$ cat start07.cif   # mmCIF, N, CA and C atoms
data_entry
loop_
_atom_site.label_atom_id
_atom_site.label_comp_id
_atom_site.auth_asym_id
_atom_site.auth_seq_id
_atom_site.Cartn_x
_atom_site.Cartn_y
_atom_site.Cartn_z
N MET A 1 113.82 111.91 68.02
CA MET A 1 112.63 111.38 67.40
C MET A 1 111.55 111.20 68.46
N THR A 2 110.32 111.50 68.10
CA THR A 2 109.20 111.43 69.03
C THR A 2 108.59 110.03 69.02
N MET A 3 108.14 109.61 70.18
CA MET A 3 107.50 108.31 70.33
C MET A 3 106.03 108.52 70.68
N LYS A 4 105.19 107.63 70.18
CA LYS A 4 103.77 107.64 70.52
C LYS A 4 103.40 106.28 71.08
N ILE A 5 102.67 106.29 72.19
CA ILE A 5 102.19 105.06 72.82
C ILE A 5 100.71 104.91 72.51
N THR A 6 100.31 103.72 72.12
CA THR A 6 98.89 103.43 71.96
C THR A 6 98.55 102.13 72.69
N ILE A 7 97.32 102.05 73.15
CA ILE A 7 96.82 100.85 73.84
C ILE A 7 95.57 100.38 73.11
N ASP A 8 95.51 99.10 72.79
CA ASP A 8 94.30 98.51 72.21
C ASP A 8 93.37 98.20 73.39
N LEU A 9 92.47 99.13 73.67
CA LEU A 9 91.61 99.01 74.84
C LEU A 9 90.63 97.84 74.75
N GLU A 10 90.24 97.47 73.55
CA GLU A 10 89.34 96.32 73.41
C GLU A 10 90.02 95.03 73.83
N ALA A 11 91.32 94.95 73.61
CA ALA A 11 92.06 93.73 73.93
C ALA A 11 92.70 93.77 75.32
N CYS A 12 92.75 94.95 75.94
CA CYS A 12 93.37 95.09 77.27
C CYS A 12 92.61 94.27 78.30
N LYS A 13 93.35 93.52 79.09
CA LYS A 13 92.77 92.67 80.13
C LYS A 13 92.92 93.26 81.53
N GLY A 14 93.59 94.41 81.64
CA GLY A 14 93.73 95.07 82.93
C GLY A 14 94.70 94.39 83.88
N TYR A 15 95.72 93.74 83.35
CA TYR A 15 96.70 93.06 84.20
C TYR A 15 97.51 94.04 85.06
N ALA A 16 97.64 95.28 84.62
CA ALA A 16 98.34 96.36 85.33
C ALA A 16 99.85 96.21 85.35
N CYS A 17 100.39 95.32 84.55
CA CYS A 17 101.85 95.17 84.48
C CYS A 17 102.49 96.46 83.97
N CYS A 18 101.85 97.10 82.99
CA CYS A 18 102.39 98.35 82.45
C CYS A 18 102.49 99.41 83.53
N MET A 19 101.46 99.50 84.35
CA MET A 19 101.44 100.48 85.43
C MET A 19 102.54 100.20 86.45
N MET A 20 102.78 98.94 86.74
CA MET A 20 103.82 98.59 87.70
C MET A 20 105.21 98.91 87.15
N GLU A 21 105.41 98.71 85.85
CA GLU A 21 106.71 98.97 85.22
C GLU A 21 106.93 100.44 84.90
N ALA A 22 105.85 101.16 84.60
CA ALA A 22 105.98 102.55 84.16
C ALA A 22 104.85 103.40 84.75
N PRO A 23 104.85 103.60 86.06
CA PRO A 23 103.74 104.31 86.70
C PRO A 23 103.59 105.78 86.29
N ASP A 24 104.62 106.36 85.72
CA ASP A 24 104.51 107.74 85.24
C ASP A 24 103.80 107.82 83.89
N LEU A 25 103.66 106.68 83.21
CA LEU A 25 103.10 106.66 81.87
C LEU A 25 101.74 105.97 81.78
N PHE A 26 101.51 104.99 82.66
CA PHE A 26 100.28 104.19 82.60
C PHE A 26 99.59 104.16 83.95
N ASP A 27 98.26 103.98 83.90
CA ASP A 27 97.47 103.78 85.11
C ASP A 27 96.35 102.82 84.73
N ILE A 28 95.54 102.46 85.71
CA ILE A 28 94.38 101.61 85.45
C ILE A 28 93.13 102.42 85.77
N ASP A 29 92.20 102.43 84.84
CA ASP A 29 90.93 103.13 85.00
C ASP A 29 90.06 102.34 85.97
N ASP A 30 89.67 102.97 87.07
CA ASP A 30 88.86 102.28 88.07
C ASP A 30 87.51 101.83 87.52
N ALA A 31 86.95 102.59 86.60
CA ALA A 31 85.63 102.28 86.06
C ALA A 31 85.66 101.09 85.11
N THR A 32 86.69 101.01 84.28
CA THR A 32 86.74 99.95 83.26
C THR A 32 87.68 98.81 83.61
N GLY A 33 88.63 99.08 84.52
CA GLY A 33 89.63 98.07 84.85
C GLY A 33 90.69 97.90 83.79
N LYS A 34 90.75 98.85 82.85
CA LYS A 34 91.71 98.77 81.74
C LYS A 34 92.76 99.86 81.86
N ALA A 35 93.85 99.65 81.15
CA ALA A 35 94.96 100.61 81.18
C ALA A 35 94.54 101.94 80.56
N ILE A 36 95.10 103.01 81.09
CA ILE A 36 94.95 104.33 80.49
C ILE A 36 96.33 104.96 80.38
N LEU A 37 96.48 105.78 79.37
CA LEU A 37 97.74 106.49 79.16
C LEU A 37 97.75 107.78 79.96
N LEU A 38 98.81 108.00 80.69
CA LEU A 38 99.01 109.28 81.35
C LEU A 38 99.81 110.20 80.45
N VAL A 39 100.64 109.61 79.60
CA VAL A 39 101.48 110.37 78.67
C VAL A 39 101.45 109.65 77.31
N GLU A 40 100.89 110.30 76.30
CA GLU A 40 100.81 109.68 74.98
C GLU A 40 102.13 109.78 74.22
N HIS A 41 102.85 110.89 74.44
CA HIS A 41 104.13 111.13 73.76
C HIS A 41 105.22 111.28 74.82
N PRO A 42 105.84 110.18 75.24
CA PRO A 42 106.87 110.25 76.28
C PRO A 42 108.11 111.00 75.79
N THR A 43 108.80 111.59 76.74
CA THR A 43 110.05 112.28 76.44
C THR A 43 111.14 111.24 76.19
N GLU A 44 112.26 111.71 75.71
CA GLU A 44 113.41 110.82 75.49
C GLU A 44 113.83 110.17 76.81
N ASP A 45 113.72 110.90 77.91
CA ASP A 45 114.07 110.36 79.22
C ASP A 45 113.11 109.26 79.66
N GLN A 46 111.89 109.25 79.14
CA GLN A 46 110.89 108.25 79.50
C GLN A 46 110.86 107.06 78.54
N ARG A 47 111.70 107.09 77.53
CA ARG A 47 111.70 106.05 76.49
C ARG A 47 111.88 104.65 77.09
N GLU A 48 112.87 104.47 77.93
CA GLU A 48 113.13 103.14 78.50
C GLU A 48 111.94 102.67 79.34
N GLN A 49 111.35 103.58 80.09
CA GLN A 49 110.19 103.25 80.91
C GLN A 49 109.02 102.81 80.01
N ALA A 50 108.81 103.52 78.89
CA ALA A 50 107.75 103.16 77.95
C ALA A 50 108.00 101.77 77.36
N GLU A 51 109.23 101.49 77.01
CA GLU A 51 109.58 100.18 76.44
C GLU A 51 109.36 99.07 77.46
N ARG A 52 109.73 99.31 78.72
CA ARG A 52 109.50 98.31 79.77
C ARG A 52 108.01 98.07 79.96
N GLY A 53 107.23 99.14 79.99
CA GLY A 53 105.79 99.01 80.15
C GLY A 53 105.16 98.20 79.03
N ALA A 54 105.56 98.47 77.80
CA ALA A 54 105.02 97.75 76.65
C ALA A 54 105.43 96.27 76.68
N ARG A 55 106.69 96.01 76.98
CA ARG A 55 107.18 94.62 77.03
C ARG A 55 106.50 93.81 78.13
N SER A 56 106.12 94.47 79.21
CA SER A 56 105.56 93.76 80.36
C SER A 56 104.13 93.30 80.15
N CYS A 57 103.45 93.80 79.13
CA CYS A 57 102.03 93.50 78.92
C CYS A 57 101.83 92.06 78.43
N PRO A 58 101.20 91.20 79.25
CA PRO A 58 100.98 89.82 78.83
C PRO A 58 100.00 89.70 77.66
N ALA A 59 99.12 90.69 77.51
CA ALA A 59 98.15 90.68 76.40
C ALA A 59 98.73 91.30 75.13
N ASN A 60 99.91 91.89 75.25
CA ASN A 60 100.60 92.48 74.10
C ASN A 60 99.74 93.52 73.37
N VAL A 61 99.14 94.45 74.14
CA VAL A 61 98.23 95.43 73.56
C VAL A 61 98.82 96.84 73.48
N ILE A 62 100.06 97.01 73.93
CA ILE A 62 100.69 98.33 73.93
C ILE A 62 101.64 98.42 72.75
N THR A 63 101.47 99.47 71.96
CA THR A 63 102.30 99.69 70.79
C THR A 63 103.10 100.97 70.95
N LEU A 64 104.39 100.91 70.64
CA LEU A 64 105.24 102.09 70.63
C LEU A 64 105.58 102.39 69.17
N GLN A 65 105.34 103.62 68.78
CA GLN A 65 105.56 104.00 67.39
C GLN A 65 106.46 105.23 67.34
N GLN A 66 107.48 105.18 66.49
CA GLN A 66 108.34 106.33 66.26
C GLN A 66 107.66 107.23 65.24
N ILE A 67 107.54 108.51 65.57
CA ILE A 67 106.93 109.46 64.64
C ILE A 67 107.85 110.65 64.45
N GLY A 68 107.71 111.27 63.31
CA GLY A 68 108.50 112.48 63.03
C GLY A 68 109.86 112.20 62.66
#
$ encode --input "start07.cif" --output "structure tokens"
Amino acid sequence: MTMKITIDLEACKGYACCMMEAPDLFDIDDATGKAILLVEHPTEDQREQAERGARSCPANVITLQQIG
């Protein structure tokens, strides 16, 4: 099953916890100071990393959705 990651950029505070937990999936935009997705649809091997990144967000703005 495919996973999709979304970030509510309006609510993102730029804590960078997601980037620290999952640097292959998330980064911080230097211009806005907010999280950016490096991978919108992580592979099955990246699933745990995506879940850690989402759980680590203190603002709770990262959503993981199962699609397909």
$ residues_near_point --input "start07.cif" --point "(91.4, 97.2, 86.1)" --cutoff "8 Å" --atoms "only C-alpha atoms" --output "PyMOL selection string"
chain A and resi 13-16+28-35
$ select_by_dssp --input "start07.cif" --residues "chain A" --states "strand (DSSP E or B)" --output "list in words"
Thr2, Met3, Lys4, Ile5, Thr6, Ile7, Phe26, Asp27, Ile28, Ala35, Ile36, Leu37, Ile62, Thr63, Leu64, Gln65, Gln66 and Ile67 of chain A
$ resolve_selection --input "start07.cif" --expression "the PyMOL selection byres ((chain A and resi 57-64) around 5)" --output "PDB file with N, CA and C atoms, in the frame of the given file"
ATOM      1  N   LYS A   4     105.190 107.630  70.180  1.00  0.00           N
ATOM      2  CA  LYS A   4     103.770 107.640  70.520  1.00  0.00           C
ATOM      3  C   LYS A   4     103.400 106.280  71.080  1.00  0.00           C
ATOM      4  N   ILE A   5     102.670 106.290  72.190  1.00  0.00           N
ATOM      5  CA  ILE A   5     102.190 105.060  72.820  1.00  0.00           C
ATOM      6  C   ILE A   5     100.710 104.910  72.510  1.00  0.00           C
ATOM      7  N   THR A   6     100.310 103.720  72.120  1.00  0.00           N
ATOM      8  CA  THR A   6      98.890 103.430  71.960  1.00  0.00           C
ATOM      9  C   THR A   6      98.550 102.130  72.690  1.00  0.00           C
ATOM     10  N   ILE A   7      97.320 102.050  73.150  1.00  0.00           N
ATOM     11  CA  ILE A   7      96.820 100.850  73.840  1.00  0.00           C
ATOM     12  C   ILE A   7      95.570 100.380  73.110  1.00  0.00           C
ATOM     13  N   ASP A   8      95.510  99.100  72.790  1.00  0.00           N
ATOM     14  CA  ASP A   8      94.300  98.510  72.210  1.00  0.00           C
ATOM     15  C   ASP A   8      93.370  98.200  73.390  1.00  0.00           C
ATOM     16  N   GLY A  53     107.230  99.140  79.990  1.00  0.00           N
ATOM     17  CA  GLY A  53     105.790  99.010  80.150  1.00  0.00           C
ATOM     18  C   GLY A  53     105.160  98.200  79.030  1.00  0.00           C
ATOM     19  N   ALA A  54     105.560  98.470  77.800  1.00  0.00           N
ATOM     20  CA  ALA A  54     105.020  97.750  76.650  1.00  0.00           C
ATOM     21  C   ALA A  54     105.430  96.270  76.680  1.00  0.00           C
ATOM     22  N   ARG A  55     106.690  96.010  76.980  1.00  0.00           N
ATOM     23  CA  ARG A  55     107.180  94.620  77.030  1.00  0.00           C
ATOM     24  C   ARG A  55     106.500  93.810  78.130  1.00  0.00           C
ATOM     25  N   SER A  56     106.120  94.470  79.210  1.00  0.00           N
ATOM     26  CA  SER A  56     105.560  93.760  80.360  1.00  0.00           C
ATOM     27  C   SER A  56     104.130  93.300  80.150  1.00  0.00           C
ATOM     28  N   GLN A  65     105.340 103.620  68.780  1.00  0.00           N
ATOM     29  CA  GLN A  65     105.560 104.000  67.390  1.00  0.00           C
ATOM     30  C   GLN A  65     106.460 105.230  67.340  1.00  0.00           C
ATOM     31  N   GLN A  66     107.480 105.180  66.490  1.00  0.00           N
ATOM     32  CA  GLN A  66     108.340 106.330  66.260  1.00  0.00           C
ATOM     33  C   GLN A  66     107.660 107.230  65.240  1.00  0.00           C
TER      34      GLN A  66
END
$ resolve_selection --input "start07.cif" --expression "the PyMOL selection byres ((chain A and resi 37) around 6.5)" --output "list in words"
Leu25, Phe26, Asp27, Ala35, Ile36, Leu38, Val39 and Glu40 of chain A
$ write_last_selection --input "start07.cif" --atoms "N, CA and C atoms" --output "PDB file, in the coordinates of the input"
ATOM      1  N   LEU A  25     103.660 106.680  83.210  1.00  0.00           N
ATOM      2  CA  LEU A  25     103.100 106.660  81.870  1.00  0.00           C
ATOM      3  C   LEU A  25     101.740 105.970  81.780  1.00  0.00           C
ATOM      4  N   PHE A  26     101.510 104.990  82.660  1.00  0.00           N
ATOM      5  CA  PHE A  26     100.280 104.190  82.600  1.00  0.00           C
ATOM      6  C   PHE A  26      99.590 104.160  83.950  1.00  0.00           C
ATOM      7  N   ASP A  27      98.260 103.980  83.900  1.00  0.00           N
ATOM      8  CA  ASP A  27      97.470 103.780  85.110  1.00  0.00           C
ATOM      9  C   ASP A  27      96.350 102.820  84.730  1.00  0.00           C
ATOM     10  N   ALA A  35      93.850  99.650  81.150  1.00  0.00           N
ATOM     11  CA  ALA A  35      94.960 100.610  81.180  1.00  0.00           C
ATOM     12  C   ALA A  35      94.540 101.940  80.560  1.00  0.00           C
ATOM     13  N   ILE A  36      95.100 103.010  81.090  1.00  0.00           N
ATOM     14  CA  ILE A  36      94.950 104.330  80.490  1.00  0.00           C
ATOM     15  C   ILE A  36      96.330 104.960  80.380  1.00  0.00           C
ATOM     16  N   LEU A  38      98.810 108.000  80.690  1.00  0.00           N
ATOM     17  CA  LEU A  38      99.010 109.280  81.350  1.00  0.00           C
ATOM     18  C   LEU A  38      99.810 110.200  80.450  1.00  0.00           C
ATOM     19  N   VAL A  39     100.640 109.610  79.600  1.00  0.00           N
ATOM     20  CA  VAL A  39     101.480 110.370  78.670  1.00  0.00           C
ATOM     21  C   VAL A  39     101.450 109.650  77.310  1.00  0.00           C
ATOM     22  N   GLU A  40     100.890 110.300  76.300  1.00  0.00           N
ATOM     23  CA  GLU A  40     100.810 109.680  74.980  1.00  0.00           C
ATOM     24  C   GLU A  40     102.130 109.780  74.220  1.00  0.00           C
TER      25      GLU A  40
END
$ atom_distance --input "start07.cif" --atom1 "CA of His41 in chain A" --atom2 "CA of Thr2 in chain A"
6.9 Å
$ select_by_dssp --input "start07.cif" --residues "range 12-55 of chain A" --states "alpha helix (DSSP H)" --output "NGL selection string"
:A and (17-21 or 47-55)
$ atom_distance --input "start07.cif" --atom1 "CA of Ala11 in chain A" --atom2 "CA of Pro42 in chain A"
22.3 Å
$ closest_residue --input "start07.cif" --among "A:Met1, A:Ala22, A:Cys12, A:Gly68" --to "Glu51 in chain A" --atoms "all atoms listed in the file"
A:Ala22
$ atom_distance --input "start07.cif" --atom1 "atom C of Glu21 in chain A" --atom2 "atom C of Arg52 in chain A"
5.6 Å
